[in-house]
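Here is the structure we will look at, set down as structure tokens.
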Amino acid sequence: MTTSAEARRTTLAAAVGNTVETYDYAVYGFLSAVLAKVFFPAASAGVGLLSSFAVFGSAFLARPAGALVFGPLADRLGRRPALVASLLLMAGGSTLIGLLPSTGTIGIAAPILLVLLRFAQGLAGGGEFTTAIIYVAEFAPPHRRGALSSRVQVGSLAGFLLGAIVVLSLNAALTPAQLLAWGWRVPFLLAFPIGGIGLYLRSRFGETPEFLDARNRPAASGQGTDRQWSPVLLLVGVSVLHIVGIYLVYTYVQSYLIQLRLSAVAATAVIALALLAGIFLVLAGGRASDWRGRPKVLLASSLAVLVVSYPMFAVLASAPPLWLIIVCTVVLSAGPAFYSGVAPITYVQLIPVRRRGRLVGISYNVTVGVLGGSAVFICQALVELTGDPRSPAYLLAAAAAVSALAAFALARRAARTAAPSPSALPLTAESSS
């Protein structure tokens, strides 16, 4: 049986890889205005920013392909080989972006290479997050699966926070000209030592007990089509708010605040404060799901996001004082953060052990491919097309509505399931005995 100390160490090893992944996404998002000038210098400010966001989205388009590679790898060879390979590809791609010449140096080849490197990172991302949450859930004691799995999401928010701190420090230490000339490279190059730490930690642990047990047991007979597709559809529905909420509030809102005439330093500092609060909310969400059950917590938090989205964007659009901007941003991010502490363990619980790598990976990453990168692009496009700075609220509210319906369906499914399969975890609160 896995000890609590071993579960904590494996959780840290899994979470560090997600820190690298989201650190890179965060850095790109926070530097999107600078990268637009580096790689799209001939475009207007608005078009250049849209182009930069489009490149940001290219990594998400690659994630389903990554899931097709890393998902079967995790199911056939094991969770750990998939985690090591995805981390190597992610850290390597970020380092190469930091070394990439600008458009002014090599012309059109620069944005083309940027897209290719972002695509490679998307392949890595297609195996990183879902394999990490599977790895942790299969090591965790039954009564702490929500709490420990939420720490993988904490690793993701820590990556956002680390990216915010690095970009904030660069903005404070460098002039705009220095940041444009070479400073933007520094955050990407820092991914190399962070990835090295993650690889060291992951090299110290073996396979999960559940994976080894399933590999040594005969495969169960096949299930009907309805029973195969129902969990997948529920997983996709639950993931909508998780994906849109995290990338919208922690990536797009920073550039949104800059467009509302906040300085880059102030906007990044606001997001850093929201991320700091979000880390504690993610942990609280995971713990609450162990106590109250996943469906109830998912439903309550998605309804909260649905209610607060428009009022918070309306206040932000009115150009309030800085203290109120901080309050509104923290409140706006609170619901998605709390929700994201529950969603990961829910994905794992919906799928049996033998098919987790493939079905969780492909289902989640197809949704990320459609909604993750496009969320920031759609928000910016809505503002550009309508001229209404409140319009991003509609996307966040729509995501919350979809996930609320999925959580309701999940609650009904959990109520009908009297005796869960031993290869899939129960969705209701688990005993601490």
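Each chain in the structure tokens gets a letter, A, B and so on, in the order shown; residues start at 1 in every chain, and ligands are counted from 1 in the order they appear.
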(request) Find the residues around region 338-348 of chain A up to 6 Å (only C-alpha atoms counted), leave out those fewer than 6 positions away in its own chain, and share them as a list of chain:residue names. (result) A:Gly146, A:Ser149, A:Ser150, A:Leu235, A:His242, A:Leu281, A:Val282, A:Gly285, A:Gly286, A:Leu298, A:Ser301
Keeping only N, CA, C and O atoms, write those residues as a PDB file, in the first residue's frame.
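Once everything was written out, this is result_7.pdb:
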```
ATOM      1  N   GLY A 146      -9.087  13.515  -3.984  1.00  0.00           N
ATOM      2  CA  GLY A 146      -9.406  14.866  -4.433  1.00  0.00           C
ATOM      3  C   GLY A 146      -8.368  15.872  -3.983  1.00  0.00           C
ATOM      4  O   GLY A 146      -7.908  16.703  -4.767  1.00  0.00           O
ATOM      5  N   SER A 149      -4.929  15.110  -5.851  1.00  0.00           N
ATOM      6  CA  SER A 149      -5.015  15.420  -7.283  1.00  0.00           C
ATOM      7  C   SER A 149      -5.087  16.917  -7.530  1.00  0.00           C
ATOM      8  O   SER A 149      -4.587  17.407  -8.544  1.00  0.00           O
ATOM      9  N   SER A 150      -5.693  17.645  -6.612  1.00  0.00           N
ATOM     10  CA  SER A 150      -5.786  19.101  -6.781  1.00  0.00           C
ATOM     11  C   SER A 150      -4.402  19.746  -6.759  1.00  0.00           C
ATOM     12  O   SER A 150      -4.218  20.837  -7.308  1.00  0.00           O
ATOM     13  N   LEU A 235     -17.086  13.851 -19.202  1.00  0.00           N
ATOM     14  CA  LEU A 235     -15.748  14.403 -19.004  1.00  0.00           C
ATOM     15  C   LEU A 235     -15.566  15.682 -19.812  1.00  0.00           C
ATOM     16  O   LEU A 235     -15.058  16.689 -19.301  1.00  0.00           O
ATOM     17  N   HIS A 242     -13.370  24.302 -16.733  1.00  0.00           N
ATOM     18  CA  HIS A 242     -11.989  24.149 -16.281  1.00  0.00           C
ATOM     19  C   HIS A 242     -11.035  24.805 -17.280  1.00  0.00           C
ATOM     20  O   HIS A 242     -10.165  25.601 -16.907  1.00  0.00           O
ATOM     21  N   LEU A 281      -7.512  28.337  -3.261  1.00  0.00           N
ATOM     22  CA  LEU A 281      -8.866  27.934  -3.644  1.00  0.00           C
ATOM     23  C   LEU A 281      -8.865  26.577  -4.340  1.00  0.00           C
ATOM     24  O   LEU A 281      -9.796  25.783  -4.168  1.00  0.00           O
ATOM     25  N   VAL A 282      -7.837  26.294  -5.135  1.00  0.00           N
ATOM     26  CA  VAL A 282      -7.719  24.979  -5.767  1.00  0.00           C
ATOM     27  C   VAL A 282      -7.617  23.895  -4.702  1.00  0.00           C
ATOM     28  O   VAL A 282      -8.311  22.862  -4.778  1.00  0.00           O
ATOM     29  N   GLY A 285     -10.944  23.390  -3.073  1.00  0.00           N
ATOM     30  CA  GLY A 285     -11.862  22.645  -3.920  1.00  0.00           C
ATOM     31  C   GLY A 285     -11.612  21.150  -3.871  1.00  0.00           C
ATOM     32  O   GLY A 285     -12.557  20.358  -3.782  1.00  0.00           O
ATOM     33  N   GLY A 286     -10.344  20.750  -3.920  1.00  0.00           N
ATOM     34  CA  GLY A 286     -10.027  19.326  -3.838  1.00  0.00           C
ATOM     35  C   GLY A 286     -10.456  18.716  -2.519  1.00  0.00           C
ATOM     36  O   GLY A 286     -11.030  17.615  -2.477  1.00  0.00           O
ATOM     37  N   LEU A 298     -18.744  20.630  -8.042  1.00  0.00           N
ATOM     38  CA  LEU A 298     -18.670  21.107  -9.421  1.00  0.00           C
ATOM     39  C   LEU A 298     -19.879  21.969  -9.772  1.00  0.00           C
ATOM     40  O   LEU A 298     -19.749  23.035 -10.388  1.00  0.00           O
ATOM     41  N   SER A 301     -19.838  25.466  -7.815  1.00  0.00           N
ATOM     42  CA  SER A 301     -18.833  26.415  -8.285  1.00  0.00           C
ATOM     43  C   SER A 301     -19.115  26.895  -9.698  1.00  0.00           C
ATOM     44  O   SER A 301     -18.883  28.063 -10.024  1.00  0.00           O
TER      45      SER A 301
END
```
(request) Fewer than 3 positions away in the same chain doesn't count, so skip those; otherwise give me all residues within 8 Å of Pro72 (chain A), counting only C-alpha atoms, as number ranges by chain. (result) A: 68-69, 75-76, 357-358
For N, CA, C and O atoms, I'd like the residues from the last selection saved as a compact mmCIF listing (two decimals), in the first residue's frame.
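See again.txt below for the written result:
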```
# COMPACT_ATOMS: atom_id res chain seq x y z
N LEU A 68 -2.98 11.35 -28.57
CA LEU A 68 -2.97 10.10 -29.33
C LEU A 68 -1.63 9.38 -29.21
O LEU A 68 -1.55 8.16 -29.37
N VAL A 69 -0.57 10.13 -28.92
CA VAL A 69 0.76 9.54 -28.75
C VAL A 69 0.97 9.12 -27.30
O VAL A 69 1.32 7.97 -27.00
N ASP A 75 -0.89 3.88 -21.20
CA ASP A 75 -1.66 2.67 -20.93
C ASP A 75 -0.86 1.40 -21.20
O ASP A 75 -1.10 0.37 -20.58
N ARG A 76 0.09 1.47 -22.14
CA ARG A 76 0.83 0.26 -22.51
C ARG A 76 2.15 0.13 -21.76
O ARG A 76 2.45 -0.94 -21.20
N GLY A 357 -5.36 6.43 -19.77
CA GLY A 357 -4.42 7.23 -20.52
C GLY A 357 -5.01 7.71 -21.83
O GLY A 357 -4.91 8.88 -22.20
N ARG A 358 -5.65 6.80 -22.56
CA ARG A 358 -6.21 7.14 -23.86
C ARG A 358 -7.46 8.01 -23.75
O ARG A 358 -7.55 9.08 -24.37
```
Near Phe211 (chain A), within 8 Å and counting only C-alpha atoms, which residues show up once chain neighbours fewer than 3 positions away are dropped, as a PDB file with N, CA and C atoms, in the first residue's frame?
```pdb
ATOM      1  N   GLY A  78       3.323   2.466 -19.342  1.00  0.00           N
ATOM      2  CA  GLY A  78       3.255   2.976 -17.981  1.00  0.00           C
ATOM      3  C   GLY A  78       3.105   4.485 -17.933  1.00  0.00           C
ATOM      4  N   GLU A 138      -3.811   7.473  -8.859  1.00  0.00           N
ATOM      5  CA  GLU A 138      -3.590   6.042  -8.676  1.00  0.00           C
ATOM      6  C   GLU A 138      -2.616   5.739  -7.548  1.00  0.00           C
ATOM      7  N   GLU A 207       6.094   2.871 -11.132  1.00  0.00           N
ATOM      8  CA  GLU A 207       4.735   2.873 -11.634  1.00  0.00           C
ATOM      9  C   GLU A 207       3.711   2.882 -10.495  1.00  0.00           C
ATOM     10  N   THR A 208       2.486   3.252 -10.837  1.00  0.00           N
ATOM     11  CA  THR A 208       1.431   3.325  -9.833  1.00  0.00           C
ATOM     12  C   THR A 208       0.940   1.915  -9.494  1.00  0.00           C
ATOM     13  N   ALA A 214      -3.618  -3.685 -12.691  1.00  0.00           N
ATOM     14  CA  ALA A 214      -4.440  -3.883 -13.887  1.00  0.00           C
ATOM     15  C   ALA A 214      -3.669  -4.636 -14.967  1.00  0.00           C
ATOM     16  N   ARG A 215      -2.365  -4.363 -15.081  1.00  0.00           N
ATOM     17  CA  ARG A 215      -1.554  -5.043 -16.094  1.00  0.00           C
ATOM     18  C   ARG A 215      -1.420  -6.535 -15.792  1.00  0.00           C
ATOM     19  N   VAL A 353      -9.165   1.932 -15.255  1.00  0.00           N
ATOM     20  CA  VAL A 353      -7.704   2.009 -15.264  1.00  0.00           C
ATOM     21  C   VAL A 353      -7.107   1.719 -16.636  1.00  0.00           C
ATOM     22  N   ARG A 354      -7.540   0.655 -17.274  1.00  0.00           N
ATOM     23  CA  ARG A 354      -6.900   0.211 -18.517  1.00  0.00           C
ATOM     24  C   ARG A 354      -7.015   1.213 -19.648  1.00  0.00           C
TER      25      ARG A 354
END
```
(message) Given only C-alpha atoms as the basis, pick out the residue of A:Gly107, A:Gly66, A:Gly17, A:Gly195 nearest to Ala132 (chain A).
(response)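 Among the listed residues, A:Gly17 lies closest to Ala132 (chain A).
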(request) From a DSSP calculation on the backbone, collect every residue of region 260-392 of chain A in alpha helix (DSSP H) and output the set as a PyMOL selection string. (result) chain A and resi 264-292+294-317+322-340+343-350+356-386+392
(message) Which residue is closest to Ala317 (chain A)? Choose from A:Val297, A:Ile97, A:Leu371, A:Leu257 and count only C-alpha atoms.
(response)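 Ranking A:Val297, A:Ile97, A:Leu371, A:Leu257 by distance to Ala317 (chain A), first place goes to A:Leu257.
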(request) Could you tell me which of A:Phe53, A:Phe40, A:Tyr200, A:Phe188 comes closest to Ala14 (chain A) if we count only C-alpha atoms? (result) A:Tyr200
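A straight line drawn from CA of Phe60 (chain A) to CA of Cys328 (chain A) is 28.0 Å long.
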Set the distance at 9 Å and use only C-alpha atoms: which residues neighbour region 273-276 of chain A once local chain neighbours fewer than 4 positions away are removed? I'd like the list as a PDB file with all heavy atoms, in the first residue's frame.
```pdb
ATOM      1  N   LEU A 157      -1.111  26.243 -11.592  1.00  0.00           N
ATOM      2  CA  LEU A 157      -1.236  27.649 -11.197  1.00  0.00           C
ATOM      3  C   LEU A 157       0.105  28.202 -10.732  1.00  0.00           C
ATOM      4  O   LEU A 157       0.397  29.391 -10.943  1.00  0.00           O
ATOM      5  CB  LEU A 157      -2.272  27.805 -10.089  1.00  0.00           C
ATOM      6  CG  LEU A 157      -3.735  27.581 -10.458  1.00  0.00           C
ATOM      7  CD1 LEU A 157      -4.641  28.178  -9.396  1.00  0.00           C
ATOM      8  CD2 LEU A 157      -4.089  28.141 -11.813  1.00  0.00           C
ATOM      9  N   ALA A 158       0.918  27.354 -10.110  1.00  0.00           N
ATOM     10  CA  ALA A 158       2.258  27.796  -9.717  1.00  0.00           C
ATOM     11  C   ALA A 158       3.074  28.185 -10.942  1.00  0.00           C
ATOM     12  O   ALA A 158       3.880  29.124 -10.900  1.00  0.00           O
ATOM     13  CB  ALA A 158       2.972  26.699  -8.935  1.00  0.00           C
ATOM     14  N   PHE A 160       1.779  29.454 -13.731  1.00  0.00           N
ATOM     15  CA  PHE A 160       1.255  30.775 -14.084  1.00  0.00           C
ATOM     16  C   PHE A 160       1.853  31.855 -13.174  1.00  0.00           C
ATOM     17  O   PHE A 160       2.257  32.923 -13.635  1.00  0.00           O
ATOM     18  CB  PHE A 160      -0.269  30.802 -13.960  1.00  0.00           C
ATOM     19  CG  PHE A 160      -0.996  30.236 -15.137  1.00  0.00           C
ATOM     20  CD1 PHE A 160      -1.719  29.056 -15.026  1.00  0.00           C
ATOM     21  CD2 PHE A 160      -0.989  30.881 -16.357  1.00  0.00           C
ATOM     22  CE1 PHE A 160      -2.402  28.527 -16.107  1.00  0.00           C
ATOM     23  CE2 PHE A 160      -1.676  30.366 -17.452  1.00  0.00           C
ATOM     24  CZ  PHE A 160      -2.384  29.177 -17.321  1.00  0.00           C
ATOM     25  N   LEU A 161       1.874  31.551 -11.851  1.00  0.00           N
ATOM     26  CA  LEU A 161       2.385  32.525 -10.891  1.00  0.00           C
ATOM     27  C   LEU A 161       3.867  32.776 -11.112  1.00  0.00           C
ATOM     28  O   LEU A 161       4.321  33.936 -11.079  1.00  0.00           O
ATOM     29  CB  LEU A 161       2.131  32.026  -9.471  1.00  0.00           C
ATOM     30  CG  LEU A 161       2.594  32.952  -8.332  1.00  0.00           C
ATOM     31  CD1 LEU A 161       1.925  34.314  -8.426  1.00  0.00           C
ATOM     32  CD2 LEU A 161       2.312  32.305  -6.970  1.00  0.00           C
ATOM     33  N   ALA A 164       4.235  34.936 -14.054  1.00  0.00           N
ATOM     34  CA  ALA A 164       3.876  36.315 -13.738  1.00  0.00           C
ATOM     35  C   ALA A 164       4.993  37.022 -12.980  1.00  0.00           C
ATOM     36  O   ALA A 164       5.314  38.188 -13.262  1.00  0.00           O
ATOM     37  CB  ALA A 164       2.588  36.341 -12.912  1.00  0.00           C
ATOM     38  N   VAL A 249      -9.078  33.721 -17.329  1.00  0.00           N
ATOM     39  CA  VAL A 249      -8.819  34.634 -16.215  1.00  0.00           C
ATOM     40  C   VAL A 249      -7.345  34.801 -15.902  1.00  0.00           C
ATOM     41  O   VAL A 249      -6.921  35.859 -15.421  1.00  0.00           O
ATOM     42  CB  VAL A 249      -9.580  34.205 -14.933  1.00  0.00           C
ATOM     43  CG1 VAL A 249     -11.073  34.173 -15.176  1.00  0.00           C
ATOM     44  CG2 VAL A 249      -9.099  32.862 -14.410  1.00  0.00           C
ATOM     45  N   TYR A 250      -6.519  33.778 -16.208  1.00  0.00           N
ATOM     46  CA  TYR A 250      -5.110  33.884 -15.844  1.00  0.00           C
ATOM     47  C   TYR A 250      -4.185  34.213 -17.022  1.00  0.00           C
ATOM     48  O   TYR A 250      -3.003  34.465 -16.814  1.00  0.00           O
ATOM     49  CB  TYR A 250      -4.634  32.598 -15.177  1.00  0.00           C
ATOM     50  CG  TYR A 250      -5.270  32.369 -13.824  1.00  0.00           C
ATOM     51  CD1 TYR A 250      -5.907  31.174 -13.529  1.00  0.00           C
ATOM     52  CD2 TYR A 250      -5.249  33.356 -12.849  1.00  0.00           C
ATOM     53  CE1 TYR A 250      -6.500  30.960 -12.285  1.00  0.00           C
ATOM     54  CE2 TYR A 250      -5.837  33.159 -11.609  1.00  0.00           C
ATOM     55  CZ  TYR A 250      -6.464  31.956 -11.337  1.00  0.00           C
ATOM     56  OH  TYR A 250      -7.049  31.757 -10.114  1.00  0.00           O
ATOM     57  N   THR A 268       0.202  42.680 -14.595  1.00  0.00           N
ATOM     58  CA  THR A 268       0.806  41.394 -14.228  1.00  0.00           C
ATOM     59  C   THR A 268       0.771  41.193 -12.718  1.00  0.00           C
ATOM     60  O   THR A 268       0.555  40.076 -12.234  1.00  0.00           O
ATOM     61  CB  THR A 268       2.250  41.321 -14.742  1.00  0.00           C
ATOM     62  OG1 THR A 268       2.275  41.625 -16.138  1.00  0.00           O
ATOM     63  CG2 THR A 268       2.827  39.926 -14.533  1.00  0.00           C
ATOM     64  N   ALA A 269       0.954  42.266 -11.955  1.00  0.00           N
ATOM     65  CA  ALA A 269       0.888  42.170 -10.494  1.00  0.00           C
ATOM     66  C   ALA A 269      -0.516  41.779 -10.037  1.00  0.00           C
ATOM     67  O   ALA A 269      -0.679  40.992  -9.100  1.00  0.00           O
ATOM     68  CB  ALA A 269       1.306  43.495  -9.868  1.00  0.00           C
ATOM     69  N   PHE A 280      -4.761  28.639  -3.150  1.00  0.00           N
ATOM     70  CA  PHE A 280      -5.463  28.190  -1.944  1.00  0.00           C
ATOM     71  C   PHE A 280      -6.880  27.706  -2.273  1.00  0.00           C
ATOM     72  O   PHE A 280      -7.380  26.756  -1.662  1.00  0.00           O
ATOM     73  CB  PHE A 280      -5.502  29.324  -0.919  1.00  0.00           C
ATOM     74  CG  PHE A 280      -4.157  29.676  -0.353  1.00  0.00           C
ATOM     75  CD1 PHE A 280      -3.444  30.751  -0.828  1.00  0.00           C
ATOM     76  CD2 PHE A 280      -3.591  28.901   0.646  1.00  0.00           C
ATOM     77  CE1 PHE A 280      -2.193  31.070  -0.323  1.00  0.00           C
ATOM     78  CE2 PHE A 280      -2.337  29.200   1.168  1.00  0.00           C
ATOM     79  CZ  PHE A 280      -1.635  30.285   0.677  1.00  0.00           C
ATOM     80  N   ILE A 326      -8.228  44.923  -8.477  1.00  0.00           N
ATOM     81  CA  ILE A 326      -7.682  43.738  -7.797  1.00  0.00           C
ATOM     82  C   ILE A 326      -8.810  42.876  -7.243  1.00  0.00           C
ATOM     83  O   ILE A 326      -8.838  41.654  -7.433  1.00  0.00           O
ATOM     84  CB  ILE A 326      -6.721  44.156  -6.677  1.00  0.00           C
ATOM     85  CG1 ILE A 326      -5.485  44.843  -7.267  1.00  0.00           C
ATOM     86  CG2 ILE A 326      -6.307  42.946  -5.833  1.00  0.00           C
ATOM     87  CD1 ILE A 326      -4.580  45.469  -6.233  1.00  0.00           C
ATOM     88  N   VAL A 327      -9.760  43.511  -6.553  1.00  0.00           N
ATOM     89  CA  VAL A 327     -10.879  42.771  -5.964  1.00  0.00           C
ATOM     90  C   VAL A 327     -11.667  42.042  -7.041  1.00  0.00           C
ATOM     91  O   VAL A 327     -11.980  40.842  -6.919  1.00  0.00           O
ATOM     92  CB  VAL A 327     -11.792  43.716  -5.168  1.00  0.00           C
ATOM     93  CG1 VAL A 327     -13.077  43.003  -4.752  1.00  0.00           C
ATOM     94  CG2 VAL A 327     -11.075  44.252  -3.937  1.00  0.00           C
ATOM     95  N   THR A 329     -10.782  41.146 -10.087  1.00  0.00           N
ATOM     96  CA  THR A 329     -10.008  40.090 -10.739  1.00  0.00           C
ATOM     97  C   THR A 329      -9.911  38.854  -9.854  1.00  0.00           C
ATOM     98  O   THR A 329     -10.035  37.717 -10.330  1.00  0.00           O
ATOM     99  CB  THR A 329      -8.603  40.598 -11.096  1.00  0.00           C
ATOM    100  OG1 THR A 329      -8.711  41.765 -11.915  1.00  0.00           O
ATOM    101  CG2 THR A 329      -7.818  39.540 -11.852  1.00  0.00           C
ATOM    102  N   VAL A 330      -9.704  39.055  -8.561  1.00  0.00           N
ATOM    103  CA  VAL A 330      -9.640  37.916  -7.634  1.00  0.00           C
ATOM    104  C   VAL A 330     -10.990  37.205  -7.574  1.00  0.00           C
ATOM    105  O   VAL A 330     -11.062  35.964  -7.618  1.00  0.00           O
ATOM    106  CB  VAL A 330      -9.196  38.386  -6.236  1.00  0.00           C
ATOM    107  CG1 VAL A 330      -9.362  37.258  -5.209  1.00  0.00           C
ATOM    108  CG2 VAL A 330      -7.753  38.858  -6.263  1.00  0.00           C
ATOM    109  N   VAL A 331     -12.076  37.976  -7.494  1.00  0.00           N
ATOM    110  CA  VAL A 331     -13.417  37.371  -7.461  1.00  0.00           C
ATOM    111  C   VAL A 331     -13.712  36.639  -8.763  1.00  0.00           C
ATOM    112  O   VAL A 331     -14.259  35.529  -8.765  1.00  0.00           O
ATOM    113  CB  VAL A 331     -14.486  38.455  -7.189  1.00  0.00           C
ATOM    114  CG1 VAL A 331     -15.890  37.875  -7.351  1.00  0.00           C
ATOM    115  CG2 VAL A 331     -14.316  39.033  -5.797  1.00  0.00           C
ATOM    116  N   LEU A 332     -13.335  37.250  -9.892  1.00  0.00           N
ATOM    117  CA  LEU A 332     -13.570  36.645 -11.198  1.00  0.00           C
ATOM    118  C   LEU A 332     -12.840  35.312 -11.329  1.00  0.00           C
ATOM    119  O   LEU A 332     -13.346  34.362 -11.934  1.00  0.00           O
ATOM    120  CB  LEU A 332     -13.107  37.603 -12.293  1.00  0.00           C
ATOM    121  CG  LEU A 332     -13.383  37.213 -13.747  1.00  0.00           C
ATOM    122  CD1 LEU A 332     -14.877  37.204 -14.021  1.00  0.00           C
ATOM    123  CD2 LEU A 332     -12.679  38.174 -14.697  1.00  0.00           C
ATOM    124  N   SER A 333     -11.660  35.218 -10.741  1.00  0.00           N
ATOM    125  CA  SER A 333     -10.854  34.002 -10.859  1.00  0.00           C
ATOM    126  C   SER A 333     -11.172  32.963  -9.786  1.00  0.00           C
ATOM    127  O   SER A 333     -10.762  31.803  -9.914  1.00  0.00           O
ATOM    128  CB  SER A 333      -9.367  34.354 -10.779  1.00  0.00           C
ATOM    129  OG  SER A 333      -9.032  34.868  -9.503  1.00  0.00           O
ATOM    130  N   ALA A 334     -11.882  33.356  -8.745  1.00  0.00           N
ATOM    131  CA  ALA A 334     -12.107  32.454  -7.612  1.00  0.00           C
ATOM    132  C   ALA A 334     -12.900  31.210  -8.008  1.00  0.00           C
ATOM    133  O   ALA A 334     -12.531  30.086  -7.642  1.00  0.00           O
ATOM    134  CB  ALA A 334     -12.821  33.201  -6.489  1.00  0.00           C
ATOM    135  N   ALA A 337     -10.906  28.773 -10.224  1.00  0.00           N
ATOM    136  CA  ALA A 337      -9.845  28.151  -9.433  1.00  0.00           C
ATOM    137  C   ALA A 337     -10.408  27.043  -8.545  1.00  0.00           C
ATOM    138  O   ALA A 337      -9.870  25.922  -8.509  1.00  0.00           O
ATOM    139  CB  ALA A 337      -9.130  29.205  -8.593  1.00  0.00           C
TER     140      ALA A 337
END
```
(request) Grab the CA of Thr386 (chain A) to CA of Gln259 (chain A) distance for me, in Å with one decimal place. (result)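 Taking CA of Thr386 (chain A) and CA of Gln259 (chain A), their separation equals 14.9 Å.
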